[in-house]
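Okay, so here's the structure we're looking at.
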Amino acid sequence: MTAVDAILAHVHSQAADITALIRAFVECESPSDDSAAVNRFVDLVADTVNPFARTRTIPGGKFGRQLMCEMTLPGRKKSGRILALGHSDTVWPMGTLRNMPFRQADGRLWGPGVLDMKSGIAFFIFAVRTLRELEIPVASKVVLQLNSDEEVGSESSRPLTEKNAKESHAVLVLEPGTGLAGKLKTARKGVGDFTVVVRGRASHAGVDFEAGASAVLELARQVDRISGFTQVHRGITVNPGVISGGTRTNVVAAEARAEIDIRVLRLKDAPALEKKFRSLKPFDRRCSLEVTGGLNRPPMERSAGIVRLFRTARQLASELGVEVEESLTGGGSDGNFTAALGVPTLDGLGGVGEGAHAVNESILIGRIADRTALIAKLLASIQPV
Ligand SMILES: [Zn+2]
């Protein structure tokens with residue numbers, strides 16, 4: 001890099017303001033299950049972008065409101081649309097700040113939701129401000145969508161995400177990058193869950209043992225069989241994460257249940273896996289099985305359009321003196337929905353750090369500027385198709 005990139009230089013000059021905005025976002029707690037708290041955060045973001053965006057909210061049912069912001073950017077005659085996708089909710093309950101306050105130490109910003117994903121939202125806002133202040137034209141309309149229920153499955157926001165994705169030629173997801181290198185995400189596994197309920201026959205374990213059919217024993221056998229559905233080399237994993245059953249040690253258990261997480265790399269692997277679950281038969285015919293569930297986030301498969309977007313990002317990052325790589329993750333995001341519709345989706349553009357959903361949640365201060373500049377450059381470079 002010979003000359004300092006103009007966008008990067010401008011972002012650097014805003015460093016203190018970016019940190020202040022991340023702090024304000026982190027200090028406005030927004031757990032998914034507290035719609036009033038999420039709405040307060042949504043209002044804060046809307047107020048922040050209000051001078052340069054048209055905002056509106058959409059009811060989220062029992063969750064907070066979804067936020068849509070159409071950004072006002074330089075350049076006449078917009079065609080097509082870029083969707084920037086994020087979420088306003090976090091996994092952290094109200095009051096987490098008391099034990100895990102926002103702080104700046106060891107070259108990082110720390111606090112609940114700082115990585116997942118309040119920093120990504122702040123980066124996007126400063127990317128837009130930079131394009132405006134430098135009067136860099138943007139060919140497409142740019143819309144930010146913040147969902148209120150991403151951390152709990154995106155049930156209420158999914159239709160809006162899909163509708164908006166269909167009207168867009170690219171989706172930029174503001175979720176954190178992978179690892180401390182901040183790799184971008186070009187593929188994500190699909191995610192689903194199943195619940196298996198076993199009903200057996202209760203009896204007294206001492207007096208009437210043979211009359212009983214143990215739901216616990218039946219479930220143990222089923223869990224062993226279900227675990228065999230995993231095919232690591234194909235990217236298929238099946239995790240019986242929660243089991244429960246029985247009432248007392250001296251009672252042959254009448255009921256037991258297991259909750260199982262499934263992940264697939266390819267959509268075409270999902271039907272066969274779902275069929276295996278639905279075809280489960282009891283080992284002990286006196287027991288019955290009830291199987292419910294399925295895939296709820298399709299995989300984000302690494303399509304040609306996604307690779308093209310990634311290569312653009314890699315080129316733009318190199319102008320910033322940064323080498324970005326791509327990654328595959330087993331975790332889902334709302335990018336899974338947009339990619340599954342065939343809309344080129346690049347994920348992991350937000351904070352670079354570690355500890356999402358964990359007490360060491362933090363972002364690297366040294367990566368704030370290049371990430372913000374990369375988002376700005378992408379918005380200016382992605383051409384309508
Ligand atoms: Zn997230």
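Letters A, B, ... mark the chains of the structure tokens in the order given; residue numbers begin at 1 per chain; ligand numbers begin at 1, in order shown.
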Contacts of ligand 1, 7 Å or closer, only C-alpha atoms and all ligand atoms, given as a ChimeraX atom specification: /A:87,116-117,150-151,175,333
Non-local contacts of Ser279 in chain A (12 Å; only C-alpha atoms; under 4 positions in same chain excluded) as a ChimeraX atom specification: /A:196,222,225-226,272-275,289-292
Computed interatomic separation between CA of Pro93 in chain A and CA of Phe194 in chain A (Å):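 For CA of Pro93 in chain A relative to CA of Phe194 in chain A, the distance reads 26.0 Å.
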- prompt: At what distance in Å, to one decimal, does CA of Met300 in chain A lie from CA of Ala187 in chain A?
  reply: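 If I compute the distance from CA of Ala187 in chain A to CA of Met300 in chain A, I get 5.1 Å.
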query: A:Leu44, A:Val322, A:Met71, A:Ala253: which is nearest Ala24 in chain A, counting only C-alpha atoms?
result: A:Leu44
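The space between CA of Val198 in chain A and CA of Ser214 in chain A spans 9.1 Å.
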message: Using only C-alpha atoms for the distances, tell me which of A:Lys77, A:Arg56, A:Arg98, A:Lys118 is nearest to Leu174 in chain A.
response: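 So, comparing all the options, the nearest one is A:Lys118.
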query: Could you pull the residues within 9 Å of range 106-113 of chain A, counting only C-alpha atoms, minus those fewer than 3 positions along the same chain, as a PyMOL selection string?
result: chain A and resi 19+22-23+25-27+29-30+89-92+96-97+100-103+116-119+353+356-366
How would the residues just chosen look if you wrote them out with C-alpha atoms as a CSV table (one decimal), in the first residue's frame?
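Just written: selection11.csv:
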```csv
chain,number,residue,atom,x,y,z
A,19,THR,CA,-16.0,3.6,19.9
A,22,ILE,CA,-20.3,0.9,20.1
A,23,ARG,CA,-20.3,1.8,23.8
A,25,PHE,CA,-25.1,0.3,21.7
A,26,VAL,CA,-23.6,-2.2,24.2
A,27,GLU,CA,-24.9,-0.2,27.2
A,29,GLU,CA,-29.1,-4.0,26.7
A,30,SER,CA,-31.4,-5.9,24.4
A,89,ASP,CA,-31.2,-8.7,20.0
A,90,THR,CA,-28.5,-10.4,22.1
A,91,VAL,CA,-28.3,-13.5,24.2
A,92,TRP,CA,-27.5,-11.6,27.4
A,96,THR,CA,-25.6,-8.4,32.6
A,97,LEU,CA,-23.8,-5.1,32.4
A,100,MET,CA,-19.8,-7.4,32.6
A,101,PRO,CA,-19.7,-3.7,32.0
A,102,PHE,CA,-18.5,-2.1,28.7
A,103,ARG,CA,-14.8,-1.6,29.1
A,116,ASP,CA,-22.5,-10.3,18.3
A,117,MET,CA,-23.3,-7.9,16.9
A,118,LYS,CA,-23.5,-4.3,18.1
A,119,SER,CA,-20.1,-3.4,16.7
A,353,GLY,CA,-12.8,-10.7,18.1
A,356,ALA,CA,-19.7,-14.4,21.2
A,357,HIS,CA,-22.3,-15.6,23.8
A,358,ALA,CA,-19.4,-16.0,26.4
A,359,VAL,CA,-18.1,-13.9,29.2
A,360,ASN,CA,-14.9,-13.0,27.3
A,361,GLU,CA,-17.0,-11.4,24.5
A,362,SER,CA,-14.7,-8.7,22.9
A,363,ILE,CA,-13.5,-7.1,19.7
A,364,LEU,CA,-10.1,-6.0,18.6
A,365,ILE,CA,-9.8,-2.2,18.5
A,366,GLY,CA,-7.1,-2.5,15.8
```
- request: Go through A:Ala256, A:Leu328, A:Ile7, A:Leu83 one by one, measure the shortest atom-to-atom distance of each to Lys163 in chain A using only C-alpha atoms, and give the residue with the smallest value.
  value: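 Comparing A:Ala256, A:Leu328, A:Ile7, A:Leu83 against Lys163 in chain A, the winner is A:Leu83.
By only C-alpha atoms, and with residues fewer than 3 positions from Leu73 in chain A along its chain excluded, the set lying at most 9 Å from it is Phe52, Ala53, Arg76, Val128, Arg129, Leu131, Arg132, Glu135, Ile136, Pro137, Val138, Lys141 and Val142 of chain A.
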Filtering to C-alpha atoms, could you give me those residues as an mmCIF file, in the first residue's frame?
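New file selection_16.cif:
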```cif
data_model
loop_
_atom_site.group_PDB
_atom_site.id
_atom_site.type_symbol
_atom_site.label_atom_id
_atom_site.label_comp_id
_atom_site.auth_asym_id
_atom_site.auth_seq_id
_atom_site.Cartn_x
_atom_site.Cartn_y
_atom_site.Cartn_z
ATOM 1 C CA PHE A 52 -29.327 10.337 6.823
ATOM 2 C CA ALA A 53 -31.931 7.590 6.484
ATOM 3 C CA ARG A 76 -27.996 9.872 -8.599
ATOM 4 C CA VAL A 128 -22.468 5.132 5.388
ATOM 5 C CA ARG A 129 -21.386 8.362 7.076
ATOM 6 C CA LEU A 131 -19.425 7.652 1.953
ATOM 7 C CA ARG A 132 -21.608 10.700 2.564
ATOM 8 C CA GLU A 135 -19.257 12.231 -1.417
ATOM 9 C CA ILE A 136 -18.498 8.835 -2.887
ATOM 10 C CA PRO A 137 -21.347 7.755 -5.181
ATOM 11 C CA VAL A 138 -23.183 4.522 -4.549
ATOM 12 C CA LYS A 141 -30.109 1.672 -2.911
ATOM 13 C CA VAL A 142 -28.764 0.596 0.470
#
```
field: Members of range 162-371 of chain A assigned strand (DSSP E) by DSSP, as a PyMOL selection string
entry: chain A and resi 170-173+184-188+190-199+203-204+237-245+251-252+255-264+288-297+326-329+345-346+353-354+362-364
- prompt: Got a sec to tell me which of range 208-327 of chain A DSSP assigns to helix (DSSP H, G or I), as a VMD selection string?
  reply: chain A and resid 209 to 211 215 to 227 232 to 234 267 to 278 304 to 319
- prompt: Using only C-alpha atoms, which residues sit within 7 Å of range 57-60 of chain A once same-chain residues fewer than 5 positions away are excluded, as a ChimeraX atom specification?
  reply: /A:65-68,156-157
Dump of all heavy atoms for the selected residues, as a PDB file, in the first residue's frame:
```
ATOM      1  N   ARG A  65     -39.542  -4.816  17.686  1.00  0.00           N
ATOM      2  CA  ARG A  65     -39.850  -4.425  16.303  1.00  0.00           C
ATOM      3  C   ARG A  65     -38.652  -4.666  15.385  1.00  0.00           C
ATOM      4  O   ARG A  65     -37.508  -4.526  15.790  1.00  0.00           O
ATOM      5  CB  ARG A  65     -40.232  -2.946  16.272  1.00  0.00           C
ATOM      6  CG  ARG A  65     -41.542  -2.640  16.993  1.00  0.00           C
ATOM      7  CD  ARG A  65     -41.985  -1.214  16.738  1.00  0.00           C
ATOM      8  NE  ARG A  65     -41.124  -0.240  17.377  1.00  0.00           N
ATOM      9  CZ  ARG A  65     -41.316   0.249  18.599  1.00  0.00           C
ATOM     10  NH1 ARG A  65     -42.369  -0.137  19.314  1.00  0.00           N
ATOM     11  NH2 ARG A  65     -40.489   1.128  19.110  1.00  0.00           N
ATOM     12  N   GLN A  66     -38.953  -5.021  14.136  1.00  0.00           N
ATOM     13  CA  GLN A  66     -37.898  -5.095  13.113  1.00  0.00           C
ATOM     14  C   GLN A  66     -37.693  -3.662  12.606  1.00  0.00           C
ATOM     15  O   GLN A  66     -38.649  -2.905  12.471  1.00  0.00           O
ATOM     16  CB  GLN A  66     -38.296  -5.997  11.939  1.00  0.00           C
ATOM     17  CG  GLN A  66     -39.182  -7.193  12.269  1.00  0.00           C
ATOM     18  CD  GLN A  66     -38.549  -8.197  13.217  1.00  0.00           C
ATOM     19  OE1 GLN A  66     -37.372  -8.103  13.542  1.00  0.00           O
ATOM     20  NE2 GLN A  66     -39.346  -9.129  13.702  1.00  0.00           N
ATOM     21  N   LEU A  67     -36.438  -3.337  12.312  1.00  0.00           N
ATOM     22  CA  LEU A  67     -36.111  -1.983  11.864  1.00  0.00           C
ATOM     23  C   LEU A  67     -35.604  -2.008  10.426  1.00  0.00           C
ATOM     24  O   LEU A  67     -34.728  -2.806  10.087  1.00  0.00           O
ATOM     25  CB  LEU A  67     -35.031  -1.381  12.773  1.00  0.00           C
ATOM     26  CG  LEU A  67     -34.523   0.021  12.400  1.00  0.00           C
ATOM     27  CD1 LEU A  67     -35.627   1.068  12.538  1.00  0.00           C
ATOM     28  CD2 LEU A  67     -33.323   0.400  13.274  1.00  0.00           C
ATOM     29  N   MET A  68     -36.169  -1.122   9.597  1.00  0.00           N
ATOM     30  CA  MET A  68     -35.704  -0.966   8.218  1.00  0.00           C
ATOM     31  C   MET A  68     -35.216   0.478   8.059  1.00  0.00           C
ATOM     32  O   MET A  68     -35.938   1.412   8.415  1.00  0.00           O
ATOM     33  CB  MET A  68     -36.850  -1.169   7.225  1.00  0.00           C
ATOM     34  CG  MET A  68     -37.493  -2.542   7.237  1.00  0.00           C
ATOM     35  SD  MET A  68     -36.457  -3.775   6.485  1.00  0.00           S
ATOM     36  CE  MET A  68     -36.217  -3.058   4.866  1.00  0.00           C
ATOM     37  N   SER A 156     -40.125 -14.585  13.735  1.00  0.00           N
ATOM     38  CA  SER A 156     -40.987 -13.465  13.343  1.00  0.00           C
ATOM     39  C   SER A 156     -40.383 -12.638  12.210  1.00  0.00           C
ATOM     40  O   SER A 156     -41.096 -12.031  11.422  1.00  0.00           O
ATOM     41  CB  SER A 156     -41.305 -12.583  14.561  1.00  0.00           C
ATOM     42  OG  SER A 156     -40.374 -11.528  14.678  1.00  0.00           O
ATOM     43  N   SER A 157     -39.057 -12.614  12.103  1.00  0.00           N
ATOM     44  CA  SER A 157     -38.424 -11.746  11.097  1.00  0.00           C
ATOM     45  C   SER A 157     -38.169 -12.444   9.770  1.00  0.00           C
ATOM     46  O   SER A 157     -37.927 -11.783   8.755  1.00  0.00           O
ATOM     47  CB  SER A 157     -37.104 -11.208  11.646  1.00  0.00           C
ATOM     48  OG  SER A 157     -36.244 -12.265  12.008  1.00  0.00           O
TER      49      SER A 157
END
```
- prompt: Between A:Arg302, A:Lys183, A:His12, A:Arg278, which has the minimum distance to Thr345 in chain A (counting only C-alpha atoms)?
  reply: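 Nearest to Thr345 in chain A: A:Arg302.
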statement: Counting only C-alpha atoms, closest pick from A:Ile121, A:Ala270, A:Ala202, A:Leu21 relative to Arg234 in chain A is A:Ala270
field: Nearest-residue call for Glu259 in chain A, choices A:Asp193, A:Ala213, A:Asn50, A:Glu319, using only C-alpha atoms
entry: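 Among A:Asp193, A:Ala213, A:Asn50, A:Glu319, it is A:Asp193 that comes nearest to Glu259 in chain A.
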Would you give me, as a tab-separated table, each residue of range 237-356 of chain A having an atom within 8 Å of an atom of range 165-169 of chain A, along with its shortest atom pair and that distance in Å to one decimal, using only C-alpha atoms and sorting by chain and residue number?
```
residue	atom	partner	partner_atom	distance
A:Thr338	CA	A:Ala165	CA	5.6
A:Leu341	CA	A:Lys166	CA	7.3
A:Val343	CA	A:His169	CA	6.3
A:Pro344	CA	A:His169	CA	6.9
```
Would you put the residues from that selection into a file with N, CA, C and O atoms, as a PDB file, in the first residue's frame?
```pdb
ATOM      1  N   THR A 338     -31.162 -15.738   3.186  1.00  0.00           N
ATOM      2  CA  THR A 338     -30.991 -14.962   1.956  1.00  0.00           C
ATOM      3  C   THR A 338     -30.187 -15.758   0.933  1.00  0.00           C
ATOM      4  O   THR A 338     -30.507 -15.748  -0.248  1.00  0.00           O
ATOM      5  N   LEU A 341     -32.079 -18.349  -1.009  1.00  0.00           N
ATOM      6  CA  LEU A 341     -32.923 -17.833  -2.092  1.00  0.00           C
ATOM      7  C   LEU A 341     -32.089 -17.541  -3.340  1.00  0.00           C
ATOM      8  O   LEU A 341     -32.603 -17.037  -4.337  1.00  0.00           O
ATOM      9  N   VAL A 343     -29.584 -15.363  -3.462  1.00  0.00           N
ATOM     10  CA  VAL A 343     -29.086 -13.983  -3.490  1.00  0.00           C
ATOM     11  C   VAL A 343     -27.649 -13.995  -2.935  1.00  0.00           C
ATOM     12  O   VAL A 343     -27.434 -14.473  -1.815  1.00  0.00           O
ATOM     13  N   PRO A 344     -26.675 -13.500  -3.714  1.00  0.00           N
ATOM     14  CA  PRO A 344     -25.292 -13.504  -3.231  1.00  0.00           C
ATOM     15  C   PRO A 344     -25.192 -12.840  -1.864  1.00  0.00           C
ATOM     16  O   PRO A 344     -25.655 -11.713  -1.673  1.00  0.00           O
TER      17      PRO A 344
END
```
